[in-house]
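Dumped structure_1.cif below, it's mmCIF, C-alpha atoms (C1' of nucleotides):
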```cif
data_input
#
loop_
_atom_site.label_atom_id
_atom_site.label_comp_id
_atom_site.auth_asym_id
_atom_site.auth_seq_id
_atom_site.Cartn_x
_atom_site.Cartn_y
_atom_site.Cartn_z
CA MET A 1 -19.25 17.03 -53.39
CA PRO A 2 -19.76 16.47 -57.12
CA ALA A 3 -17.40 14.85 -59.53
CA SER A 4 -14.46 16.77 -60.95
CA PRO A 5 -13.77 16.09 -64.62
CA PRO A 6 -10.11 16.21 -65.55
CA THR A 7 -8.83 19.33 -67.25
CA ARG A 8 -6.22 17.67 -69.41
CA PRO A 9 -7.95 16.80 -72.69
CA ALA A 10 -6.08 13.51 -73.17
CA LEU A 11 -7.55 12.16 -69.98
CA ARG A 12 -10.94 13.65 -70.52
CA GLU A 13 -11.75 11.07 -73.14
CA ARG A 14 -11.11 8.13 -70.84
CA TYR A 15 -13.07 9.83 -68.10
CA ASP A 16 -16.10 10.29 -70.32
CA ARG A 17 -15.94 6.72 -71.52
CA ARG A 18 -15.82 5.38 -67.99
CA GLN A 19 -18.71 7.62 -67.04
CA ASP A 20 -20.80 6.19 -69.85
CA GLU A 21 -19.95 2.66 -68.80
CA LEU A 22 -21.15 3.53 -65.36
CA VAL A 23 -24.45 4.84 -66.65
CA ALA A 24 -24.94 1.70 -68.71
CA ALA A 25 -24.20 -0.52 -65.74
CA ALA A 26 -26.50 1.54 -63.55
CA ALA A 27 -29.30 1.23 -66.10
CA ARG A 28 -28.86 -2.55 -66.11
CA GLU A 29 -28.91 -2.81 -62.34
CA PHE A 30 -31.73 -0.35 -61.82
CA ALA A 31 -33.85 -2.05 -64.46
CA GLY A 32 -33.38 -5.41 -62.80
CA ARG A 33 -33.68 -4.52 -59.15
CA GLY A 34 -35.29 -1.11 -59.08
CA TYR A 35 -33.60 2.17 -58.36
CA ASP A 36 -34.11 2.25 -54.61
CA GLN A 37 -33.32 -1.39 -54.09
CA THR A 38 -30.00 -1.14 -55.85
CA THR A 39 -27.23 -0.14 -53.48
CA MET A 40 -24.12 1.77 -54.35
CA ALA A 41 -22.19 -1.30 -53.25
CA GLN A 42 -23.93 -3.43 -55.86
CA LEU A 43 -23.27 -0.79 -58.46
CA ALA A 44 -19.65 -0.77 -57.45
CA GLU A 45 -19.40 -4.52 -57.72
CA ALA A 46 -21.07 -4.52 -61.12
CA THR A 47 -18.47 -2.11 -62.41
CA GLY A 48 -15.51 -3.58 -60.54
CA MET A 49 -14.91 -0.49 -58.45
CA ALA A 50 -15.10 0.41 -54.81
CA THR A 51 -18.07 2.42 -53.62
CA GLY A 52 -16.01 5.53 -53.08
CA ALA A 53 -14.76 5.51 -56.65
CA LEU A 54 -18.27 5.96 -57.98
CA TYR A 55 -18.30 9.42 -56.51
CA HIS A 56 -15.37 10.30 -58.69
CA TYR A 57 -17.78 10.22 -61.63
CA PHE A 58 -21.09 11.16 -60.08
CA GLY A 59 -21.87 13.39 -57.16
CA ALA A 60 -24.85 11.38 -56.02
CA LYS A 61 -26.93 8.34 -56.87
CA GLU A 62 -29.69 10.51 -58.22
CA GLN A 63 -27.37 11.95 -60.86
CA LEU A 64 -27.04 8.48 -62.31
CA LEU A 65 -30.79 8.33 -62.69
CA ARG A 66 -30.74 11.69 -64.36
CA ALA A 67 -28.01 10.61 -66.75
CA ILE A 68 -30.00 7.53 -67.69
CA CYS A 69 -33.04 9.63 -68.53
CA ASP A 70 -31.04 12.16 -70.49
CA GLN A 71 -29.24 9.51 -72.49
CA LEU A 72 -32.61 8.05 -73.32
CA MET A 73 -34.62 11.12 -74.26
CA GLU A 74 -32.20 13.54 -75.82
CA PRO A 75 -30.93 11.42 -78.72
CA LEU A 76 -34.46 10.20 -79.41
CA LEU A 77 -35.86 13.69 -79.56
CA SER A 78 -33.12 15.12 -81.73
CA ARG A 79 -33.15 12.20 -84.14
CA ALA A 80 -36.91 12.37 -84.41
CA ARG A 81 -36.78 16.07 -85.18
CA GLN A 82 -34.13 15.53 -87.78
CA LEU A 83 -36.18 12.81 -89.41
CA CYS A 84 -39.28 14.95 -89.52
CA ASP A 85 -37.36 17.62 -91.34
CA GLU A 86 -35.83 15.26 -93.86
CA VAL A 87 -38.47 12.80 -94.93
CA GLY A 88 -40.79 13.66 -97.80
CA ALA A 89 -44.39 14.59 -97.87
CA ASP A 90 -46.33 11.33 -97.69
CA PRO A 91 -47.75 11.41 -94.14
CA ALA A 92 -48.15 7.67 -93.75
CA LEU A 93 -44.56 7.12 -94.78
CA ARG A 94 -43.32 9.79 -92.42
CA LEU A 95 -45.20 8.23 -89.57
CA ARG A 96 -43.83 4.82 -90.34
CA GLU A 97 -40.27 6.05 -90.37
CA LEU A 98 -40.82 7.88 -87.11
CA VAL A 99 -42.27 4.84 -85.37
CA ARG A 100 -39.45 2.69 -86.72
CA LEU A 101 -36.91 5.05 -85.27
CA TRP A 102 -38.78 5.16 -81.99
CA VAL A 103 -39.22 1.42 -81.58
CA ALA A 104 -35.61 0.81 -82.55
CA HIS A 105 -34.53 3.28 -79.89
CA VAL A 106 -36.69 1.65 -77.26
CA CYS A 107 -35.38 -1.80 -78.15
CA ALA A 108 -31.79 -0.61 -78.10
CA HIS A 109 -32.27 1.03 -74.70
CA ARG A 110 -34.56 -1.39 -72.92
CA ASP A 111 -32.88 -0.87 -69.56
CA HIS A 112 -33.02 2.90 -69.77
CA MET A 113 -36.64 2.64 -70.77
CA LEU A 114 -37.60 0.35 -67.92
CA VAL A 115 -35.92 2.60 -65.41
CA PHE A 116 -37.64 5.60 -66.94
CA GLN A 117 -41.02 3.96 -66.51
CA GLN A 118 -40.41 2.62 -63.04
CA GLU A 119 -39.30 5.96 -61.69
CA ARG A 120 -42.16 7.82 -63.31
CA HIS A 121 -43.32 9.15 -59.94
CA GLN A 122 -39.97 10.78 -59.28
CA ILE A 123 -39.65 12.19 -62.78
CA GLU A 124 -43.18 13.49 -63.04
CA SER A 125 -42.93 15.48 -59.85
CA GLY A 126 -40.08 17.62 -58.71
CA GLU A 127 -38.23 20.62 -59.98
CA ARG A 128 -35.04 18.83 -60.93
CA TRP A 129 -36.79 16.71 -63.52
CA ARG A 130 -38.36 19.51 -65.47
CA GLY A 131 -35.98 19.04 -68.38
CA VAL A 132 -36.68 15.34 -68.75
CA ARG A 133 -40.40 15.97 -68.58
CA ALA A 134 -40.12 18.63 -71.24
CA SER A 135 -38.30 16.28 -73.60
CA ARG A 136 -40.92 13.63 -73.15
CA LYS A 137 -43.74 16.05 -73.78
CA GLN A 138 -42.14 17.49 -76.87
CA PHE A 139 -41.61 14.07 -78.32
CA GLU A 140 -45.20 13.13 -77.67
CA ARG A 141 -46.38 16.32 -79.31
CA LEU A 142 -44.28 15.49 -82.31
CA VAL A 143 -45.77 12.03 -82.64
CA GLY A 144 -49.23 13.46 -82.18
CA ALA A 145 -48.71 15.88 -85.03
CA GLU A 146 -47.50 13.16 -87.37
CA LEU A 147 -50.43 10.97 -86.43
CA GLU A 148 -52.86 13.74 -87.16
CA ALA A 149 -51.23 14.40 -90.51
CA ALA A 150 -51.52 10.72 -91.33
CA GLY A 151 -55.23 10.76 -90.66
CA ALA A 152 -55.32 9.30 -87.15
CA GLY A 153 -56.17 12.40 -85.17
CA GLY A 154 -57.68 12.67 -81.72
CA PRO A 155 -56.23 11.72 -78.39
CA LEU A 156 -56.90 8.00 -78.45
CA PRO A 157 -54.62 6.90 -81.29
CA LEU A 158 -51.72 8.81 -79.76
CA LEU A 159 -52.31 7.44 -76.28
CA ALA A 160 -52.71 3.95 -77.66
CA LEU A 161 -49.50 4.21 -79.65
CA LEU A 162 -47.61 5.55 -76.66
CA GLY A 163 -48.82 2.60 -74.66
CA MET A 164 -47.80 0.05 -77.24
CA VAL A 165 -44.36 1.40 -77.89
CA ASN A 166 -43.46 2.03 -74.27
CA HIS A 167 -44.69 -1.40 -73.33
CA THR A 168 -42.36 -2.89 -75.93
CA ALA A 169 -39.44 -2.47 -73.57
CA GLN A 170 -40.99 -5.05 -71.29
CA TRP A 171 -41.18 -7.93 -73.74
CA TYR A 172 -38.78 -7.28 -76.61
CA ARG A 173 -35.84 -9.67 -76.79
CA PRO A 174 -32.97 -9.22 -79.24
CA ARG A 175 -33.14 -12.82 -80.45
CA GLY A 176 -36.93 -12.96 -80.42
CA ALA A 177 -39.20 -13.67 -83.35
CA LEU A 178 -39.95 -10.03 -84.09
CA SER A 179 -37.45 -7.43 -85.21
CA PRO A 180 -37.87 -3.80 -84.16
CA GLU A 181 -38.85 -2.97 -87.70
CA GLN A 182 -41.54 -5.61 -87.82
CA ILE A 183 -42.86 -4.43 -84.50
CA ALA A 184 -42.95 -0.83 -85.63
CA ASP A 185 -44.70 -1.68 -88.87
CA GLY A 186 -47.23 -3.73 -86.97
CA TYR A 187 -48.03 -0.82 -84.70
CA VAL A 188 -48.39 1.59 -87.61
CA THR A 189 -50.74 -0.80 -89.35
CA LEU A 190 -52.86 -0.93 -86.23
CA VAL A 191 -53.22 2.81 -85.78
CA LEU A 192 -53.71 3.58 -89.47
CA GLY A 193 -56.14 0.71 -89.96
CA MET B 1 -44.61 -10.70 -36.27
CA PRO B 2 -47.74 -10.88 -38.41
CA ALA B 3 -51.07 -9.35 -37.65
CA SER B 4 -53.59 -11.23 -35.54
CA PRO B 5 -57.15 -11.04 -36.80
CA PRO B 6 -59.81 -11.04 -34.10
CA THR B 7 -61.68 -14.23 -33.43
CA ARG B 8 -64.98 -12.72 -32.43
CA PRO B 9 -67.04 -12.41 -35.65
CA ALA B 10 -68.61 -9.08 -34.73
CA LEU B 11 -65.22 -7.45 -34.61
CA ARG B 12 -63.89 -9.25 -37.58
CA GLU B 13 -65.98 -7.10 -39.87
CA ARG B 14 -64.54 -3.84 -38.60
CA TYR B 15 -61.08 -5.28 -38.74
CA ASP B 16 -61.45 -6.26 -42.38
CA ARG B 17 -62.87 -2.89 -43.28
CA ARG B 18 -59.99 -1.07 -41.66
CA GLN B 19 -57.56 -3.36 -43.40
CA ASP B 20 -59.07 -2.51 -46.77
CA GLU B 21 -58.91 1.18 -46.00
CA LEU B 22 -55.25 0.73 -45.26
CA VAL B 23 -54.62 -1.00 -48.56
CA ALA B 24 -56.44 1.75 -50.42
CA ALA B 25 -54.42 4.43 -48.66
CA ALA B 26 -51.21 2.54 -49.31
CA ALA B 27 -52.05 2.25 -52.99
CA ARG B 28 -52.61 6.00 -53.16
CA GLU B 29 -49.35 6.81 -51.41
CA PHE B 30 -47.29 4.23 -53.25
CA ALA B 31 -48.65 5.36 -56.60
CA GLY B 32 -47.75 8.95 -55.86
CA ARG B 33 -44.37 8.58 -54.22
CA GLY B 34 -43.23 5.09 -55.11
CA TYR B 35 -43.14 2.09 -52.84
CA ASP B 36 -39.65 2.52 -51.44
CA GLN B 37 -39.91 6.25 -51.04
CA THR B 38 -43.05 6.02 -48.96
CA THR B 39 -42.28 5.58 -45.29
CA MET B 40 -44.42 3.82 -42.75
CA ALA B 41 -44.67 7.15 -40.97
CA GLN B 42 -46.24 8.75 -44.04
CA LEU B 43 -48.60 5.83 -44.34
CA ALA B 44 -49.50 6.23 -40.71
CA GLU B 45 -50.18 9.91 -41.15
CA ALA B 46 -52.30 9.29 -44.23
CA THR B 47 -54.49 6.93 -42.26
CA GLY B 48 -54.45 8.87 -38.99
CA MET B 49 -52.68 6.15 -37.04
CA ALA B 50 -49.36 5.74 -35.34
CA THR B 51 -46.70 3.69 -37.05
CA GLY B 52 -47.00 0.86 -34.57
CA ALA B 53 -50.71 0.48 -35.22
CA LEU B 54 -50.10 -0.38 -38.84
CA TYR B 55 -48.51 -3.61 -37.72
CA HIS B 56 -51.76 -4.61 -36.13
CA TYR B 57 -53.12 -5.09 -39.63
CA PHE B 58 -50.06 -6.03 -41.62
CA GLY B 59 -46.96 -7.87 -40.55
CA ALA B 60 -44.69 -5.95 -42.88
CA LYS B 61 -44.64 -3.24 -45.49
CA GLU B 62 -44.25 -5.78 -48.23
CA GLN B 63 -47.56 -7.40 -47.30
CA LEU B 64 -49.28 -4.16 -48.18
CA LEU B 65 -47.76 -4.38 -51.63
CA ARG B 66 -48.93 -7.94 -51.91
CA ALA B 67 -52.45 -7.01 -50.87
CA ILE B 68 -52.53 -4.26 -53.48
CA CYS B 69 -51.56 -6.69 -56.22
CA ASP B 70 -54.03 -9.31 -55.08
CA GLN B 71 -56.88 -6.86 -54.86
CA LEU B 72 -56.04 -5.81 -58.39
CA MET B 73 -55.58 -9.14 -60.14
CA GLU B 74 -57.92 -11.56 -58.45
CA PRO B 75 -61.23 -9.80 -59.07
CA LEU B 76 -60.16 -8.99 -62.61
CA LEU B 77 -59.31 -12.57 -63.40
CA SER B 78 -62.42 -14.07 -61.88
CA ARG B 79 -64.74 -11.54 -63.49
CA ALA B 80 -63.07 -12.07 -66.84
CA ARG B 81 -63.48 -15.83 -66.57
CA GLN B 82 -67.08 -15.44 -65.62
CA LEU B 83 -67.70 -13.18 -68.59
CA CYS B 84 -66.05 -15.58 -70.99
CA ASP B 85 -68.37 -18.31 -69.83
CA GLU B 86 -71.50 -16.22 -70.09
CA VAL B 87 -71.32 -14.19 -73.24
CA GLY B 88 -72.55 -15.67 -76.51
CA ALA B 89 -70.72 -16.89 -79.55
CA ASP B 90 -69.88 -13.79 -81.59
CA PRO B 91 -66.11 -13.47 -81.06
CA ALA B 92 -65.90 -9.76 -81.77
CA LEU B 93 -68.63 -9.07 -79.27
CA ARG B 94 -67.00 -11.25 -76.65
CA LEU B 95 -63.73 -9.45 -77.11
CA ARG B 96 -65.38 -6.09 -76.80
CA GLU B 97 -67.07 -7.01 -73.56
CA LEU B 98 -63.83 -8.37 -72.19
CA VAL B 99 -61.87 -5.23 -73.03
CA ARG B 100 -64.62 -3.08 -71.59
CA LEU B 101 -64.44 -4.98 -68.34
CA TRP B 102 -60.67 -4.76 -68.33
CA VAL B 103 -60.42 -1.05 -69.06
CA ALA B 104 -63.11 -0.29 -66.51
CA HIS B 105 -61.16 -2.24 -63.93
CA VAL B 106 -57.93 -0.42 -64.75
CA CYS B 107 -59.65 2.95 -64.56
CA ALA B 108 -61.30 2.08 -61.26
CA HIS B 109 -58.00 0.94 -59.77
CA ARG B 110 -55.51 3.39 -61.22
CA ASP B 111 -53.43 3.51 -58.09
CA HIS B 112 -53.21 -0.23 -57.75
CA MET B 113 -52.28 -0.43 -61.39
CA LEU B 114 -49.56 2.17 -61.18
CA VAL B 115 -48.03 0.46 -58.18
CA PHE B 116 -48.24 -2.86 -59.97
CA GLN B 117 -46.32 -1.47 -62.92
CA GLN B 118 -43.75 0.42 -60.90
CA GLU B 119 -42.85 -2.58 -58.81
CA ARG B 120 -42.66 -4.91 -61.77
CA HIS B 121 -39.05 -5.80 -60.97
CA GLN B 122 -40.02 -7.06 -57.53
CA ILE B 123 -43.07 -8.91 -58.75
CA GLU B 124 -41.44 -10.52 -61.75
CA SER B 125 -38.64 -12.01 -59.70
CA GLY B 126 -38.87 -13.72 -56.38
CA GLU B 127 -40.62 -16.72 -54.98
CA ARG B 128 -43.18 -14.83 -52.94
CA TRP B 129 -44.74 -13.26 -56.01
CA ARG B 130 -45.40 -16.45 -57.89
CA GLY B 131 -49.14 -16.19 -57.31
CA VAL B 132 -49.43 -12.67 -58.63
CA ARG B 133 -47.37 -13.56 -61.66
CA ALA B 134 -49.58 -16.57 -62.32
CA SER B 135 -52.74 -14.44 -62.23
CA ARG B 136 -51.25 -11.99 -64.65
CA LYS B 137 -50.18 -14.70 -67.04
CA GLN B 138 -53.52 -16.45 -66.95
CA PHE B 139 -55.33 -13.24 -67.70
CA GLU B 140 -53.04 -12.52 -70.62
CA ARG B 141 -53.59 -16.00 -71.97
CA LEU B 142 -57.31 -15.46 -71.73
CA VAL B 143 -57.14 -12.21 -73.66
CA GLY B 144 -54.89 -13.85 -76.23
CA ALA B 145 -57.40 -16.62 -76.81
CA GLU B 146 -60.25 -14.18 -77.30
CA LEU B 147 -58.15 -12.13 -79.68
CA GLU B 148 -57.35 -15.18 -81.73
CA ALA B 149 -60.99 -16.18 -81.86
CA ALA B 150 -61.86 -12.71 -83.05
CA GLY B 151 -59.41 -12.97 -85.92
CA ALA B 152 -56.47 -11.01 -84.48
CA GLY B 153 -54.09 -13.84 -83.79
CA GLY B 154 -50.33 -13.73 -83.39
CA PRO B 155 -48.25 -12.17 -80.66
CA LEU B 156 -48.29 -8.58 -81.81
CA PRO B 157 -51.99 -7.71 -81.38
CA LEU B 158 -51.95 -9.14 -77.87
CA LEU B 159 -48.79 -7.32 -76.88
CA ALA B 160 -50.07 -4.12 -78.40
CA LEU B 161 -53.37 -4.38 -76.58
CA LEU B 162 -51.63 -5.11 -73.30
CA GLY B 163 -49.54 -2.01 -73.80
CA MET B 164 -52.50 0.22 -74.56
CA VAL B 165 -54.67 -0.92 -71.70
CA ASN B 166 -51.96 -0.93 -69.06
CA HIS B 167 -50.82 2.50 -70.17
CA THR B 168 -54.35 3.77 -69.67
CA ALA B 169 -53.74 3.95 -65.93
CA GLN B 170 -51.23 6.70 -66.54
CA TRP B 171 -53.48 9.15 -68.31
CA TYR B 172 -57.10 8.30 -67.54
CA ARG B 173 -58.93 10.88 -65.44
CA PRO B 174 -62.45 10.31 -64.10
CA ARG B 175 -63.70 13.66 -65.38
CA GLY B 176 -61.80 13.48 -68.62
CA ALA B 177 -63.22 13.57 -72.13
CA LEU B 178 -63.18 9.80 -72.58
CA SER B 179 -65.18 7.28 -70.60
CA PRO B 180 -63.76 3.83 -69.91
CA GLU B 181 -66.24 2.40 -72.37
CA GLN B 182 -65.22 4.77 -75.13
CA ILE B 183 -61.60 3.97 -74.48
CA ALA B 184 -62.22 0.25 -74.57
CA ASP B 185 -64.23 0.45 -77.79
CA GLY B 186 -61.49 2.56 -79.34
CA TYR B 187 -58.90 -0.06 -78.49
CA VAL B 188 -60.98 -2.88 -79.87
CA THR B 189 -61.52 -0.98 -83.08
CA LEU B 190 -57.78 -0.58 -83.42
CA VAL B 191 -56.88 -4.22 -82.97
CA LEU B 192 -59.75 -5.57 -85.05
CA GLY B 193 -59.23 -3.00 -87.81
"C1'" DT C 1 -69.45 -3.83 -13.56
"C1'" DC C 2 -65.68 -7.04 -14.31
"C1'" DG C 3 -62.41 -9.51 -17.11
"C1'" DA C 4 -60.89 -10.49 -21.53
"C1'" DA C 5 -60.11 -9.34 -26.17
"C1'" DG C 6 -59.03 -5.92 -29.28
"C1'" DT C 7 -56.86 -1.50 -30.65
"C1'" DT C 8 -53.65 2.12 -30.51
"C1'" DC C 9 -49.69 4.55 -29.09
"C1'" DG C 10 -44.85 6.20 -29.58
"C1'" DA C 11 -40.35 5.72 -27.96
"C1'" DA C 12 -36.44 2.79 -28.77
"C1'" DC C 13 -33.86 -0.51 -31.45
"C1'" DC C 14 -31.00 -1.78 -35.09
"C1'" DG C 15 -29.46 -2.76 -39.45
"C1'" DA C 16 -28.72 -0.76 -43.91
"C1'" DC C 17 -27.16 2.46 -47.11
"C1'" DG C 18 -25.58 6.91 -49.22
"C1'" DT C 19 -21.87 9.68 -48.65
"C1'" DT C 20 -17.31 11.41 -46.96
"C1'" DC C 21 -12.50 11.47 -46.38
"C1'" DG C 22 -7.59 10.70 -45.90
"C1'" DG C 23 -4.49 8.08 -48.01
"C1'" DT C 24 -2.08 5.38 -51.93
"C1'" DA C 25 -0.75 4.18 -56.30
"C1'" DG C 26 -0.51 5.29 -61.23
"C1'" DA C 27 -0.16 8.09 -65.33
"C1'" DG C 28 1.18 12.00 -67.73
"C1'" DT C 29 4.63 15.95 -68.22
"C1'" DG C 30 9.19 18.39 -68.23
"C1'" DC D 1 13.59 11.68 -61.69
"C1'" DA D 2 10.44 14.89 -59.51
"C1'" DC D 3 6.09 17.02 -59.46
"C1'" DT D 4 1.21 17.07 -60.33
"C1'" DC D 5 -3.01 15.69 -61.70
"C1'" DT D 6 -5.91 11.69 -61.86
"C1'" DA D 7 -8.01 7.34 -60.34
"C1'" DC D 8 -9.15 4.52 -56.92
"C1'" DC D 9 -9.67 2.41 -52.36
"C1'" DG D 10 -12.35 1.03 -48.21
"C1'" DA D 11 -13.14 2.00 -43.51
"C1'" DA D 12 -15.91 5.14 -40.86
"C1'" DC D 13 -19.85 8.22 -40.24
"C1'" DG D 14 -24.46 9.66 -39.72
"C1'" DT D 15 -29.02 9.24 -40.87
"C1'" DC D 16 -33.07 7.25 -41.91
"C1'" DG D 17 -36.71 4.05 -41.71
"C1'" DG D 18 -38.88 -0.63 -40.86
"C1'" DT D 19 -39.95 -3.10 -37.02
"C1'" DT D 20 -40.59 -4.27 -32.00
"C1'" DC D 21 -42.51 -3.92 -27.54
"C1'" DG D 22 -44.84 -2.97 -23.32
"C1'" DA D 23 -48.03 -0.20 -21.61
"C1'" DA D 24 -52.49 2.37 -21.87
"C1'" DC D 25 -57.07 2.77 -23.39
"C1'" DT D 26 -61.42 1.06 -25.51
"C1'" DT D 27 -64.92 -2.15 -26.72
"C1'" DC D 28 -67.38 -6.28 -26.04
"C1'" DG D 29 -69.87 -10.08 -23.72
"C1'" DA D 30 -71.94 -11.85 -19.45
#
```
Would you write out, as structure tokens, the structure that this file holds?
Amino acid sequence: MPASPPTRPALRERYDRRQDELVAAAAREFAGRGYDQTTMAQLAEATGMATGALYHYFGAKEQLLRAICDQLMEPLLSRARQLCDEVGADPALRLRELVRLWVAHVCAHRDHMLVFQQERHQIESGERWRGVRASRKQFERLVGAELEAAGAGGPLPLLALLGMVNHTAQWYRPRGALSPEQIADGYVTLVLG
Amino acid sequence: MPASPPTRPALRERYDRRQDELVAAAAREFAGRGYDQTTMAQLAEATGMATGALYHYFGAKEQLLRAICDQLMEPLLSRARQLCDEVGADPALRLRELVRLWVAHVCAHRDHMLVFQQERHQIESGERWRGVRASRKQFERLVGAELEAAGAGGPLPLLALLGMVNHTAQWYRPRGALSPEQIADGYVTLVLG
DNA sequence: TCGAAGTTCGAACCGACGTTCGGTAGAGTG
DNA sequence: CACTCTACCGAACGTCGGTTCGAACTTCGA
């Protein structure tokens, strides 16, 4: 059955840390080999554990996938909301800041992002994934609203921007020629003309 | 072992037709459920055959995936090359025609496209997929050259355009508000400003 | 109509993989 | 130290799914 977090608070910290390490390792492996083609044994080896130990932290393989998606979408959505509340009134500026945040997030979580895209079919159908879907939709709505305010209304600019930014995860490299900021600014320039 | 195509030419036609139907059905199933999560039994049911009969047309499940990728990339690449030879000198016009062709192809082969994206990890690594990778790269080079000629040089416009067009497979609907042509023209307007 | 080639069937095989479980060692607590 | 909660191990289990195979049935050509 599922994992059992420790009750003693001193140990809880270590437990949570280890759990996060596991998610990070899983994201790496899944992104490289695909979710289904990555075995629990490989995951165990990547983290230096035995297969059985994994189930101390997660009840099933699918929960790892869920954790990856949650760790990707939730911080993005909450930070985006926060930013939209803070930043001033100039729509173009707001949009630029939002896209910068977004691209930076994608670049910092390439593996999560790749997994998220590859497992689209699982996430887009099925009761268990309702929450993840909702986060994605809300974020898209948010971007759409900012785009409209900045003068790039209609479905096409939003869909184009979504395509660009999501695709970034597939080519961005930390030591590449383009920084996340440059990329983001380039995208904004494209959609705002 | 692999499939054995019939020698008699009269039967060869029917054999090829059935094989194509199989690929189409596989693309549909794979796109909806994912490659690994689709069983040969489901494939058999979708085509009205028994599992064993599938192996009359394909030696292994992976060959179906290969066929899907080939049917996607090869016609696209050859038609794009042909177009680049034919069309006149105005770079902006050439680019527009190319993107129209490309978007139309993506929209007409949504399932193939989705499978192609989902199985990226398999395709991008592994000896057997060298050919598919080469087609993809050549096509991207071709688009890059046309972009440069049209005044949108540098890596970002190309990467952005790739993102937009590929992403199209995930939202385009045949009876939707936007036609492939409208979509393509919208994209070109974005990248050419 | 006869033989060969082509097509389909579906049960059986077999390896792989997610998960379980009983046990062991370690860390915290008093 | 003793007692408990925590962390981990790794062999064993059970299932699932890709593939095989030999037999039946159909279509074709002469």
*Write out as an MDAnalysis selection string which residues come within 12 Å of B:Leu95 when counting all atoms listed in the file, dropping same-chain ones fewer than 2 positions away.*
chainID B and resid 80 83:84 87:93 97:102 142:152 158 161 184:185 187:189 191:192
*May I have the protein, DNA and RNA residues with any atom at most 12 Å from the point (-12.8, 11.8, -45.4), counting all atoms listed in the file, written as a ChimeraX atom specification?*
/A:1,52 /C:19-23 /D:10-13
What are the closest atom pairs, with distances in Å to one decimal, for all residues of chain A lying within 12 Å of chain D? Consider all atoms listed in the file, order rows by chain and residue number, and present the result as CSV.
```
residue,atom,partner,partner_atom,distance
A:Ser4,CA,D:DT6,C1',10.0
A:Pro5,CA,D:DT6,C1',9.4
A:Pro6,CA,D:DT6,C1',7.2
A:Thr7,CA,D:DC5,C1',8.8
A:Arg8,CA,D:DC5,C1',8.6
A:Ala10,CA,D:DT6,C1',11.5
A:Leu11,CA,D:DT6,C1',8.3
A:Arg12,CA,D:DT6,C1',10.2
A:Arg14,CA,D:DT6,C1',11.0
A:Tyr15,CA,D:DA7,C1',9.6
A:Arg18,CA,D:DA7,C1',11.1
A:Ala41,CA,D:DG10,C1',11.3
A:Ala44,CA,D:DC9,C1',11.6
A:Gly48,CA,D:DC8,C1',10.9
A:Met49,CA,D:DC8,C1',7.8
A:Ala50,CA,D:DC9,C1',6.3
A:Thr51,CA,D:DG10,C1',8.0
A:Gly52,CA,D:DC9,C1',7.1
A:Ala53,CA,D:DC8,C1',5.7
A:Leu54,CA,D:DC8,C1',9.3
A:Tyr55,CA,D:DC8,C1',10.4
A:His56,CA,D:DA7,C1',8.1
A:Tyr57,CA,D:DA7,C1',10.3
```
*atom CA of B:Val23 to atom CA of B:Gln118: how many Å, to one decimal?*
16.5 Å
Show me, as an mmCIF file with C-alpha atoms, in the frame of the given file, every residue of chain A with an atom at most 8 Å from chain C, counting all atoms listed in the file.
```cif
data_model
loop_
_atom_site.group_PDB
_atom_site.id
_atom_site.type_symbol
_atom_site.label_atom_id
_atom_site.label_comp_id
_atom_site.auth_asym_id
_atom_site.auth_seq_id
_atom_site.Cartn_x
_atom_site.Cartn_y
_atom_site.Cartn_z
ATOM 1 C CA THR A 39 -27.230 -0.140 -53.480
ATOM 2 C CA MET A 40 -24.120 1.770 -54.350
ATOM 3 C CA LYS A 61 -26.930 8.340 -56.870
#
```
*In Å, how far is it from atom CA of A:Ala24 to atom CA of A:Asp111?*
8.4 Å
_Best match for closeness to chain B among A:Pro180, A:Pro174, A:Pro9, A:Gly163, counting only C-alpha atoms_ =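 Nearest to chain B: A:Gly163.
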*asked:* If the PyMOL selection byres ((chain A) within 9 of (chain B)) were run on this exact file, what residues would it hold? Put them as number ranges by chain.
replied: A: 31-34, 36-37, 117-122, 156-157, 159-168, 171, 178, 183, 186-187, 189-193
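The space separating atom CA of B:Gln138 from atom CA of B:Arg81 comes to 10.0 Å.
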